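Here is the structure we will look at.
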Amino acid sequence: MNSEFNIAVHCLTLLSLKEERMANSEEIAKSVCTHPARIRKVLGLLRKQGYVTTKEGVGGGYLLNPGTEKVTLGDLYRLLARGSLKPSWCSGGEELPCEVASNIEGIMDQIYSGGEAALERYLDGITLKDVIKQIEEAGSAANPT
């Protein structure tokens, strides 16, 4: 799994919980604990998909678009992390005389593809609204009145 997926979920959740639903990249970066340039990169992709818009100038920042709470984590995973379950290197090689070495890469590809499909199905069942609700519940449990 790559960190852009986690950053996207964090950013969208943060924007949804802000009363004005807007924040700049520096503000968001403090919450995510990363550099504002990474935030701008991820939010740029989210903007292209219609999840956020930007407001230019003084007091500007990123705004959560209406309906974004309905996006699933599966949607975000496919946008930012699809294929990240499989490592970039696999042992063996088709040209090798060893039975294991010559077949392991194809077998592992099938295994990772199955795992990726299962992960996507699982994440398709979780909306951003579900994450927001869990954050709110965790905050209420930590700060009882």
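Going through the structure tokens in order, the chains are called A, B, and so on, while each chain numbers its residues from 1 and the ligands are numbered from 1 in the order shown.
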**Prompt:** Can you list, as a list in words, every residue of chain A that DSSP puts in strand (DSSP E or B)?
**Reply:**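 Answer for chain A, restricted to strand (DSSP E or B): Met22, Ala23, Val52, Thr53, Thr54, Lys55, Gly61, Tyr62, Leu63, Leu64, Thr72 and Thr127 of chain A.
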**Message:** Taking 4 positions as the minimum chain separation for residues in the same chain, which residues sit within 12 Å of Lys133 (chain A) when counting only C-alpha atoms? Answer as a PyMOL selection string.
**Reply:** chain A and resi 13+16-17+69+126-129+137-140
**Item:** Proximity to Gly114 (chain A) - best of A:Cys90, A:Ala142, A:Leu85, A:Val52, only C-alpha atoms
**Value:**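 Of the candidates, the smallest distance to Gly114 (chain A) is held by A:Leu85.
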**Request:** Determine which residues of region 56-124 of chain A receive a DSSP assignment of helix (DSSP H, G or I), computed from the backbone, and state them as a count of residues only.
**Result:** 37
**For Leu76 (chain A), the nearest of the candidates A:Ile135, A:Val9, A:Cys98, A:Ile104, counting only C-alpha atoms** =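 Of A:Ile135, A:Val9, A:Cys98, A:Ile104, the one nearest Leu76 (chain A), counting only C-alpha atoms, is A:Val9.
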**Message:** Give me the residues near region 54-65 of chain A as a list in words, where near means some atom within 9 Å (using only C-alpha atoms) and where sequence neighbours in that chain fewer than 5 positions away do not count.
**Reply:**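 Contacts, in chain order: Leu12, Leu15, Ser16, Glu20, Arg21, Met22, Ala23, Asn24, Ser25, Leu43 and Arg47 of chain A.
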Could you take the residues named above and write them with N, CA and C atoms, as a PDB file, in the first residue's frame?
```pdb
ATOM      1  N   LEU A  12      -9.399  14.200   2.835  1.00  0.00           N
ATOM      2  CA  LEU A  12     -10.841  14.307   2.603  1.00  0.00           C
ATOM      3  C   LEU A  12     -11.615  14.263   3.914  1.00  0.00           C
ATOM      4  N   LEU A  15     -11.105  17.706   5.619  1.00  0.00           N
ATOM      5  CA  LEU A  15     -11.916  18.746   4.971  1.00  0.00           C
ATOM      6  C   LEU A  15     -13.396  18.583   5.297  1.00  0.00           C
ATOM      7  N   SER A  16     -13.862  17.352   5.392  1.00  0.00           N
ATOM      8  CA  SER A  16     -15.281  17.131   5.677  1.00  0.00           C
ATOM      9  C   SER A  16     -15.647  17.546   7.097  1.00  0.00           C
ATOM     10  N   GLU A  20     -15.986  25.110   7.655  1.00  0.00           N
ATOM     11  CA  GLU A  20     -16.017  25.786   6.353  1.00  0.00           C
ATOM     12  C   GLU A  20     -15.620  24.852   5.215  1.00  0.00           C
ATOM     13  N   ARG A  21     -15.254  23.594   5.570  1.00  0.00           N
ATOM     14  CA  ARG A  21     -14.866  22.567   4.604  1.00  0.00           C
ATOM     15  C   ARG A  21     -13.729  23.020   3.689  1.00  0.00           C
ATOM     16  N   MET A  22     -12.877  23.897   4.214  1.00  0.00           N
ATOM     17  CA  MET A  22     -11.757  24.395   3.425  1.00  0.00           C
ATOM     18  C   MET A  22     -10.518  24.502   4.315  1.00  0.00           C
ATOM     19  N   ALA A  23      -9.361  24.214   3.698  1.00  0.00           N
ATOM     20  CA  ALA A  23      -8.080  24.381   4.380  1.00  0.00           C
ATOM     21  C   ALA A  23      -7.003  24.509   3.316  1.00  0.00           C
ATOM     22  N   ASN A  24      -5.894  25.159   3.680  1.00  0.00           N
ATOM     23  CA  ASN A  24      -4.784  25.256   2.726  1.00  0.00           C
ATOM     24  C   ASN A  24      -3.820  24.089   2.938  1.00  0.00           C
ATOM     25  N   SER A  25      -2.891  23.932   2.018  1.00  0.00           N
ATOM     26  CA  SER A  25      -2.003  22.766   2.062  1.00  0.00           C
ATOM     27  C   SER A  25      -1.108  22.764   3.302  1.00  0.00           C
ATOM     28  N   LEU A  43      -3.839  16.172  -3.491  1.00  0.00           N
ATOM     29  CA  LEU A  43      -5.061  16.950  -3.685  1.00  0.00           C
ATOM     30  C   LEU A  43      -5.245  17.362  -5.142  1.00  0.00           C
ATOM     31  N   ARG A  47      -8.568  16.681  -7.045  1.00  0.00           N
ATOM     32  CA  ARG A  47      -9.260  17.771  -7.752  1.00  0.00           C
ATOM     33  C   ARG A  47      -9.643  17.334  -9.161  1.00  0.00           C
TER      34      ARG A  47
END
```
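The residue that comes closest to Leu46 (chain A), out of A:Asp109, A:Glu99, A:Glu116, A:Glu4 and on the basis of only C-alpha atoms, is A:Glu4.
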**Prompt:** For the atom pair CA of Ile111 (chain A) and CA of Leu45 (chain A), what is the interatomic distance in Å to one decimal place?
**Reply:** 29.0 Å
**Message:** Using only C-alpha atoms, can you tell me which of A:Asp130, A:Val42, A:Gly125, A:Val32 comes closest to Ala81 (chain A)?
**Reply:**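 The shortest atom-to-atom distance to Ala81 (chain A) comes from A:Val42.
Taking CA of Tyr112 (chain A) as the reference point, CA of Leu96 (chain A) is found at 22.0 Å.
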**Item:** Atomic separation - CA of Leu14 (chain A) relative to CA of Ala141 (chain A), Å
**Value:**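 Distance between the two atoms: 18.4 Å.
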